[in-house]
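Peer 1: Sharing start_2.csv, CSV, C-alpha atoms:
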chain,number,residue,atom,x,y,z
J,33,MET,CA,-31.8,56.2,-14.9
J,34,ASN,CA,-32.1,59.9,-14.0
J,35,ARG,CA,-30.4,62.8,-15.7
J,36,ARG,CA,-27.6,63.1,-13.1
J,37,THR,CA,-26.7,59.5,-13.7
J,38,LEU,CA,-26.4,60.1,-17.4
J,39,LEU,CA,-24.1,63.1,-16.8
J,40,VAL,CA,-21.9,60.9,-14.7
J,41,ALA,CA,-21.8,58.3,-17.6
J,42,ALA,CA,-20.9,61.0,-20.1
J,43,GLY,CA,-17.7,61.7,-18.1
J,44,ALA,CA,-16.8,58.0,-18.1
J,45,VAL,CA,-17.2,57.9,-21.9
J,46,GLY,CA,-14.6,60.5,-22.4
J,47,VAL,CA,-12.0,58.6,-20.4
J,48,THR,CA,-12.7,55.4,-22.2
J,49,THR,CA,-12.4,57.0,-25.6
J,50,ALA,CA,-9.0,58.3,-24.8
J,51,LEU,CA,-7.8,54.9,-23.6
J,52,GLY,CA,-9.4,53.1,-26.5
J,53,GLY,CA,-7.6,55.3,-29.1
J,54,ALA,CA,-4.2,54.6,-27.5
J,55,ALA,CA,-5.0,50.8,-27.3
J,56,ALA,CA,-2.5,50.2,-24.5
J,57,ALA,CA,-0.9,46.7,-24.4
J,58,ILE,CA,0.1,45.3,-21.0
J,59,ALA,CA,2.4,42.5,-20.2
J,60,ALA,CA,3.1,42.3,-16.5
J,61,VAL,CA,3.4,39.8,-13.7
J,62,ASP,CA,-0.1,39.1,-12.4
J,63,PRO,CA,-0.4,40.5,-8.8
J,64,GLU,CA,-3.7,38.8,-8.2
J,65,ALA,CA,-2.5,35.2,-8.7
J,66,GLY,CA,-2.9,33.1,-5.6
J,67,ARG,CA,-6.0,34.9,-4.3
J,68,ARG,CA,-9.3,34.2,-5.9
J,69,PRO,CA,-9.3,32.1,-9.0
J,70,GLN,CA,-8.1,34.4,-11.8
J,71,PRO,CA,-9.4,34.3,-15.3
J,72,MET,CA,-7.3,32.9,-18.1
J,73,LEU,CA,-9.2,35.2,-20.5
J,74,THR,CA,-11.7,38.0,-20.2
J,75,TRP,CA,-13.8,39.7,-22.9
J,76,GLU,CA,-15.3,42.9,-21.6
J,77,LEU,CA,-17.0,46.0,-22.9
J,78,THR,CA,-16.3,49.4,-21.3
J,79,GLY,CA,-17.6,52.9,-21.8
J,80,GLY,CA,-20.1,53.8,-24.6
J,81,PHE,CA,-23.1,56.0,-24.1
J,82,VAL,CA,-24.8,54.2,-21.3
J,83,PRO,CA,-26.0,55.3,-17.8
J,84,ALA,CA,-23.3,55.0,-15.1
J,85,GLY,CA,-25.4,52.4,-13.2
J,86,TRP,CA,-25.4,50.2,-16.3
J,87,THR,CA,-21.6,50.5,-16.5
J,88,LEU,CA,-21.2,49.4,-12.9
J,89,LEU,CA,-23.5,46.4,-13.5
J,90,ARG,CA,-22.2,45.3,-16.8
J,91,ALA,CA,-20.8,41.8,-16.7
J,92,PRO,CA,-17.9,40.5,-18.9
J,93,ARG,CA,-19.2,38.9,-22.1
J,94,LEU,CA,-17.1,35.9,-21.6
J,95,VAL,CA,-14.6,34.7,-18.9
J,96,ALA,CA,-12.5,31.6,-19.2
J,97,TYR,CA,-10.8,29.9,-16.3
J,98,ASP,CA,-7.8,27.5,-16.1
J,99,ASP,CA,-10.0,24.5,-15.3
J,100,GLY,CA,-11.9,25.0,-18.6
J,101,VAL,CA,-15.0,26.7,-17.1
J,102,LEU,CA,-16.4,29.4,-19.3
J,103,ILE,CA,-19.0,31.9,-18.0
J,104,ALA,CA,-21.0,34.1,-20.4
J,105,ASP,CA,-22.6,37.3,-19.2
J,106,ALA,CA,-22.4,36.2,-15.6
J,107,ALA,CA,-25.5,34.1,-16.5
J,108,LYS,CA,-24.5,30.8,-18.1
J,109,ARG,CA,-21.6,28.3,-17.3
J,110,LEU,CA,-20.0,25.6,-19.5
J,111,ARG,CA,-16.8,23.5,-19.2
J,112,ILE,CA,-14.9,23.0,-22.4
J,113,GLY,CA,-12.2,20.3,-23.1
J,114,ALA,CA,-8.5,20.7,-22.6
J,115,GLY,CA,-7.9,21.0,-26.4
J,116,ASP,CA,-10.5,23.8,-26.8
J,117,LEU,CA,-9.0,25.6,-23.8
J,118,ARG,CA,-5.5,25.3,-25.1
J,119,SER,CA,-6.6,26.6,-28.5
J,120,LEU,CA,-8.2,29.6,-26.9
J,121,ARG,CA,-5.2,30.4,-24.7
J,122,ASN,CA,-2.8,30.1,-27.7
J,123,HIS,CA,-5.0,32.2,-30.0
J,124,ALA,CA,-5.6,34.9,-27.4
J,125,THR,CA,-2.0,35.2,-26.3
J,126,THR,CA,-0.7,35.4,-29.9
J,127,VAL,CA,-3.0,38.2,-30.7
J,128,LEU,CA,-2.9,40.2,-27.5
J,129,ARG,CA,0.9,40.2,-27.0
J,130,ASP,CA,1.3,42.2,-30.2
J,131,PRO,CA,0.3,45.9,-29.7
J,132,ALA,CA,0.1,46.3,-33.5
J,133,ASN,CA,-3.1,44.3,-33.5
J,134,ALA,CA,-4.9,47.1,-31.7
J,135,ARG,CA,-3.7,50.0,-34.0
J,136,ARG,CA,-6.4,51.4,-36.1
J,137,ARG,CA,-6.0,51.6,-39.8
J,138,PRO,CA,-5.1,55.2,-40.9
J,139,GLY,CA,-8.3,56.9,-42.2
J,140,ALA,CA,-10.6,54.4,-40.5
J,141,PRO,CA,-13.9,56.0,-39.5
J,142,ILE,CA,-14.2,57.0,-35.8
J,143,LEU,CA,-17.7,56.2,-34.3
J,144,ALA,CA,-19.0,58.2,-31.4
J,145,ASP,CA,-20.5,56.7,-28.2
J,146,VAL,CA,-19.5,53.1,-29.0
J,147,PRO,CA,-18.0,50.9,-26.3
J,148,SER,CA,-14.4,49.7,-26.2
J,149,THR,CA,-13.7,46.0,-26.3
J,150,VAL,CA,-11.1,45.0,-23.8
J,151,LEU,CA,-9.5,41.6,-24.1
J,152,THR,CA,-7.1,40.2,-21.4
J,153,ALA,CA,-5.2,36.9,-21.4
J,154,ARG,CA,-3.1,35.4,-18.7
J,155,THR,CA,-0.5,32.8,-19.3
J,156,ASN,CA,2.5,31.6,-17.3
J,157,GLY,CA,2.0,34.3,-14.7
J,158,ARG,CA,1.9,37.2,-17.2
J,159,ARG,CA,-1.0,39.2,-18.6
J,160,PHE,CA,-1.6,40.7,-22.0
J,161,ARG,CA,-4.3,43.2,-22.6
J,162,LEU,CA,-5.4,45.2,-25.6
J,163,SER,CA,-8.3,47.7,-26.0
J,164,PHE,CA,-10.2,48.2,-29.2
J,165,GLU,CA,-12.6,51.1,-29.6
J,166,GLY,CA,-15.7,50.0,-31.4
J,167,LEU,CA,-14.2,46.7,-32.5
J,168,GLU,CA,-17.5,45.0,-33.4
J,169,GLU,CA,-19.0,48.2,-34.9
J,170,THR,CA,-16.0,48.7,-37.2
J,171,ARG,CA,-15.7,45.2,-38.6
J,172,ARG,CA,-17.1,46.2,-42.0
J,173,ASP,CA,-14.6,49.1,-42.2
J,174,ARG,CA,-11.7,46.8,-41.2
J,175,ALA,CA,-10.5,49.5,-38.8
J,176,TYR,CA,-8.2,47.0,-37.0
J,177,PRO,CA,-5.9,44.3,-38.3
J,178,PRO,CA,-7.4,40.9,-39.2
J,179,PRO,CA,-6.1,39.1,-36.1
J,180,ALA,CA,-8.3,41.3,-33.9
J,181,TYR,CA,-11.4,40.2,-35.7
J,182,SER,CA,-10.3,36.6,-35.9
J,183,LEU,CA,-10.0,36.5,-32.1
J,184,LEU,CA,-13.4,38.3,-31.8
J,185,ASP,CA,-15.0,35.6,-33.9
J,186,HIS,CA,-13.4,32.8,-31.8
J,187,LEU,CA,-14.7,34.4,-28.6
J,188,THR,CA,-18.2,35.0,-30.1
J,189,GLN,CA,-18.5,31.4,-31.1
J,190,LEU,CA,-17.6,30.3,-27.6
J,191,ARG,CA,-20.0,32.8,-26.0
J,192,ASP,CA,-22.8,31.6,-28.2
J,193,ARG,CA,-22.0,28.0,-27.3
J,194,VAL,CA,-22.1,28.8,-23.6
J,195,ASN,CA,-25.4,30.7,-23.8
J,196,ARG,CA,-26.9,27.9,-26.0
J,197,SER,CA,-25.7,24.8,-24.1
J,198,GLY,CA,-24.5,26.0,-20.7
J,199,ALA,CA,-26.1,25.6,-17.3
J,200,PRO,CA,-27.4,28.6,-15.3
J,201,TRP,CA,-24.7,30.4,-13.2
J,202,ARG,CA,-26.4,31.0,-9.8
J,203,PRO,CA,-23.9,31.5,-7.0
J,204,ASP,CA,-24.9,33.0,-3.6
J,205,ALA,CA,-22.9,36.2,-4.6
J,206,VAL,CA,-24.3,39.2,-6.3
J,207,ARG,CA,-23.3,42.8,-7.3
J,208,LEU,CA,-26.0,45.3,-6.3
J,209,VAL,CA,-26.1,48.7,-8.0
J,210,ALA,CA,-28.3,51.5,-6.7
J,211,SER,CA,-29.0,54.9,-8.4
J,212,LEU,CA,-30.7,57.7,-6.4
J,213,VAL,CA,-33.9,59.0,-7.9
J,214,GLU,CA,-34.3,62.8,-8.0
J,215,PRO,CA,-36.7,64.0,-5.3
J,216,ALA,CA,-38.9,65.8,-7.7
J,217,ARG,CA,-39.2,62.9,-10.1
J,218,PRO,CA,-42.6,61.2,-10.0
J,219,THR,CA,-42.7,57.4,-9.6
J,220,THR,CA,-45.1,55.2,-11.5
J,221,GLY,CA,-46.3,52.2,-9.6
J,222,PRO,CA,-45.8,51.2,-6.0
J,223,VAL,CA,-42.5,51.9,-4.2
J,224,ALA,CA,-41.5,49.1,-1.8
J,225,ASN,CA,-39.4,49.6,1.3
J,226,TRP,CA,-35.8,48.5,1.3
J,227,PRO,CA,-35.8,44.7,1.8
J,228,ALA,CA,-35.0,43.2,5.2
J,229,GLY,CA,-31.6,41.4,5.4
J,230,VAL,CA,-30.0,43.5,2.6
J,231,PRO,CA,-27.4,46.0,3.6
J,232,VAL,CA,-28.4,49.6,2.8
J,233,PRO,CA,-26.1,51.2,0.2
J,234,ARG,CA,-24.1,54.2,1.3
J,235,PHE,CA,-23.8,57.2,-1.0
J,236,ARG,CA,-20.9,59.5,-0.5
J,237,LYS,CA,-21.4,63.3,-0.8
J,238,ASP,CA,-22.5,64.3,-4.3
J,239,GLU,CA,-22.6,60.6,-5.3
J,240,PHE,CA,-25.7,59.3,-7.0
J,241,VAL,CA,-24.7,55.8,-8.0
J,242,THR,CA,-23.0,53.1,-5.9
J,243,ARG,CA,-22.5,49.4,-5.9
J,244,MET,CA,-22.0,46.7,-3.3
J,245,ASP,CA,-20.9,43.1,-3.6
J,246,LEU,CA,-23.0,40.8,-1.4
J,247,ARG,CA,-22.4,37.1,-0.5
J,248,ASP,CA,-24.3,34.3,1.3
J,249,ARG,CA,-27.3,35.4,3.4
J,250,PRO,CA,-27.5,39.1,2.2
J,251,ALA,CA,-27.2,38.0,-1.4
J,252,ARG,CA,-30.0,35.4,-1.0
J,253,ALA,CA,-32.2,38.1,0.6
J,254,LEU,CA,-31.7,40.4,-2.3
J,255,ILE,CA,-32.4,37.6,-4.8
J,256,LYS,CA,-35.6,36.8,-3.0
J,257,ALA,CA,-36.7,40.5,-2.9
J,258,ILE,CA,-35.9,41.0,-6.6
J,259,PRO,CA,-35.9,37.6,-8.2
J,260,ASN,CA,-35.9,38.6,-11.8
J,261,PRO,CA,-34.3,42.0,-12.3
J,262,ASP,CA,-35.3,43.8,-15.4
J,263,ARG,CA,-32.2,45.4,-17.0
J,264,ALA,CA,-34.4,47.9,-18.9
J,265,GLN,CA,-36.7,49.0,-16.0
J,266,TRP,CA,-35.1,48.9,-12.6
J,267,PRO,CA,-37.5,48.7,-9.6
J,268,VAL,CA,-37.6,51.7,-7.3
J,269,LEU,CA,-37.1,51.1,-3.6
J,270,ARG,CA,-37.5,53.4,-0.6
J,271,LEU,CA,-34.3,53.7,1.5
J,272,PRO,CA,-34.7,53.9,5.3
J,273,ASP,CA,-33.9,57.7,5.2
J,274,GLY,CA,-36.8,58.2,2.9
J,275,ARG,CA,-34.9,58.7,-0.4
J,276,ARG,CA,-35.7,56.5,-3.4
J,277,ALA,CA,-33.3,54.5,-5.4
J,278,GLN,CA,-33.5,52.4,-8.6
J,279,VAL,CA,-31.9,49.0,-8.0
J,280,SER,CA,-30.6,46.1,-10.0
J,281,TRP,CA,-28.1,43.3,-9.6
J,282,ARG,CA,-26.2,40.5,-11.3
J,283,PHE,CA,-24.4,37.4,-10.2
J,284,LEU,CA,-20.7,37.8,-9.3
J,285,LEU,CA,-18.0,35.8,-11.0
J,286,PRO,CA,-15.5,33.6,-9.2
J,287,HIS,CA,-12.7,36.1,-9.3
J,288,GLU,CA,-14.8,39.1,-8.3
Please express the file's structure as structure tokens.
Peer 2:
Amino acid sequence: MNRRTLLVAAGAVGVTTALGGAAAAIAAVDPEAGRRPQPMLTWELTGGFVPAGWTLLRAPRLVAYDDGVLIADAAKRLRIGAGDLRSLRNHATTVLRDPANARRRPGAPILADVPSTVLTARTNGRRFRLSFEGLEETRRDRAYPPPAYSLLDHLTQLRDRVNRSGAPWRPDAVRLVASLVEPARPTTGPVANWPAGVPVPRFRKDEFVTRMDLRDRPARALIKAIPNPDRAQWPVLRLPDGRRAQVSWRFLLPHE
């Protein structure tokens, strides 16, 4: 990621920090119901000191659907039984419907540049959401009430189970993220041309990072061109207009 990308990310961190401190709770009628399959529960990380491109590409740590399908990191899939799903729904709803569970303990240390954990549960057409700034990082300090860490443990166990025993999640649907490379920046290694069959990303004025969701044939063309994206070292491709862009992708989730 280049310096301009990092500056964009820094702005995003400030917004997330403000939201995390407030730990807003939401209980509203779900406007997305009836479109794509909607998650019964999502565990996401937002913000933190990471490049903007990484933020756009970051997948939820865990998503649970009403049919019992769990998807971890947009990479592994596992179906759990009705009893496990009911336990997860009840536990998540009980914790997330109470805003007090996301209120930091007075005097708890505040850590800089850590991501916020955002947990969302949907039940009976309503959604409950809480945001916890640095939830995992503050466990030892007990910055949040015990129910928050209990739910985190529950979700961590399920995510580990999916990653250990699940099948690969490989739909013909991907999220492409591209970040322009500064013209003066040298490139190590060969720079391939933009792959045929993959739509060229469009960057608005003064925009250096963008994303596109691709499905079916364009998605397959991208997967063929970059079969194993390296999250730490994005390949550099040459756009048709001569500019260079760092590129990566991940698989889309059913509701995306």
Peer 1: Excluding range 141-148 of chain J and any residue of its chain fewer than 6 positions from it, enumerate the residues within 6 Å of it, using only C-alpha atoms, and give them as a PyMOL selection string.
Peer 2: chain J and resi 77-81+164-166
Peer 1: Could you pull the residues within 7 Å of range 169-181 of chain J, counting all atoms listed in the file, minus those fewer than 2 positions along the same chain, as an MDAnalysis selection string?
Peer 2: chainID J and resid 127 133:137 140 166:167 183:185
Peer 1: Go through J:Thr126, J:Thr242, J:Thr152, J:Thr220 one by one, measure the shortest atom-to-atom distance of each to Gln265 in chain J using all atoms listed in the file, and give the residue with the smallest value.
Peer 2: J:Thr220
Peer 1: With only C-alpha atoms as the atoms that count, which of J:Pro286, J:Pro215, J:Val150, J:Arg202 lies nearest to Arg93 in chain J?
Peer 2: J:Val150
Peer 1: What does the distance from CA of Glu239 in chain J to CA of Pro92 in chain J come to in Å, to one decimal?
Peer 2: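 A separation of 24.7 Å between them.
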Peer 1: I need every residue sitting at most 9 Å from the point (-31.3, 41.1, -16.5) (coordinates as in the file, only C-alpha atoms considered), written as JSON, numbers by chain.
Peer 2: {"J": [260, 261, 262, 263, 264, 280, 281, 282]}
Peer 1: Can you spit out the residues from that selection as an mmCIF file, keeping the file's coordinate frame, using C-alpha atoms?
Peer 2:
data_model
loop_
_atom_site.group_PDB
_atom_site.id
_atom_site.type_symbol
_atom_site.label_atom_id
_atom_site.label_comp_id
_atom_site.auth_asym_id
_atom_site.auth_seq_id
_atom_site.Cartn_x
_atom_site.Cartn_y
_atom_site.Cartn_z
ATOM 1 C CA ASN J 260 -35.900 38.600 -11.800
ATOM 2 C CA PRO J 261 -34.300 42.000 -12.300
ATOM 3 C CA ASP J 262 -35.300 43.800 -15.400
ATOM 4 C CA ARG J 263 -32.200 45.400 -17.000
ATOM 5 C CA ALA J 264 -34.400 47.900 -18.900
ATOM 6 C CA SER J 280 -30.600 46.100 -10.000
ATOM 7 C CA TRP J 281 -28.100 43.300 -9.600
ATOM 8 C CA ARG J 282 -26.200 40.500 -11.300
#
Peer 1: Please list as a PyMOL selection string every residue within 6 Å of Ala104 in chain J, counting only C-alpha atoms and excluding residues in the same chain fewer than 3 positions away.
Peer 2: chain J and resi 93-94+107-108+191
Peer 1: Taking all atoms listed in the file into account, which of J:Pro267, J:Asn156, J:Val241, J:Lys256 comes nearest Gly229 in chain J?
Peer 2: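 When distances to Gly229 in chain J are compared using all atoms listed in the file, the smallest one comes from J:Lys256.
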Peer 1: Between CA of Trp75 in chain J and CA of Arg196 in chain J, what is the distance in Å, rounded to a tenth?
Peer 2: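 Interatomic distance here is 17.9 Å.
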Peer 1: Taking (-21.1, 47.7, -0.3) in the file's own coordinates, collect the residues within 10 Å, counting all atoms listed in the file, and hand them back as a list in words.
Peer 2: Arg207, Leu208, Val209, Pro231, Val232, Pro233, Arg234, Phe235, Thr242, Arg243, Met244, Asp245 and Leu246 of chain J
Peer 1: Please measure the separation of CA of Glu214 in chain J and CA of Arg276 in chain J, giving the value in Å to one decimal.
Peer 2: 7.9 Å
Peer 1: Using all atoms listed in the file, which residue out of J:Val194, J:Ile255, J:Val268, J:Ala153 lies closest to Val206 in chain J?
Peer 2: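 Answer, going by the shortest atom-to-atom distance: J:Ile255.
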Peer 1: Can you work out which one of J:Leu110, J:Ala199, J:Ala228, J:Val223 has the shortest atom-to-atom distance to Arg275 in chain J, counting all atoms listed in the file?
Peer 2: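 Selected residue with least distance to Arg275 in chain J: J:Val223.
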Peer 1: Tell me which protein, DNA and RNA residues are within 7 Å of Asp204 in chain J, counting only C-alpha atoms, leaving out same-chain ones fewer than 5 positions away, and put them as an mmCIF file with C-alpha atoms, in the coordinates of the input.
Peer 2:
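part_23.cif, written as the output of this step:
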data_model
loop_
_atom_site.group_PDB
_atom_site.id
_atom_site.type_symbol
_atom_site.label_atom_id
_atom_site.label_comp_id
_atom_site.auth_asym_id
_atom_site.auth_seq_id
_atom_site.Cartn_x
_atom_site.Cartn_y
_atom_site.Cartn_z
ATOM 1 C CA ARG J 247 -22.400 37.100 -0.500
ATOM 2 C CA ASP J 248 -24.300 34.300 1.300
ATOM 3 C CA ALA J 251 -27.200 38.000 -1.400
ATOM 4 C CA ARG J 252 -30.000 35.400 -1.000
#
Peer 1: Between J:Leu117, J:Ala277, J:Ala96, J:Val82, which has the minimum distance to Ala210 in chain J (counting all atoms listed in the file)?
Peer 2: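 The closest residue to Ala210 in chain J is J:Ala277.
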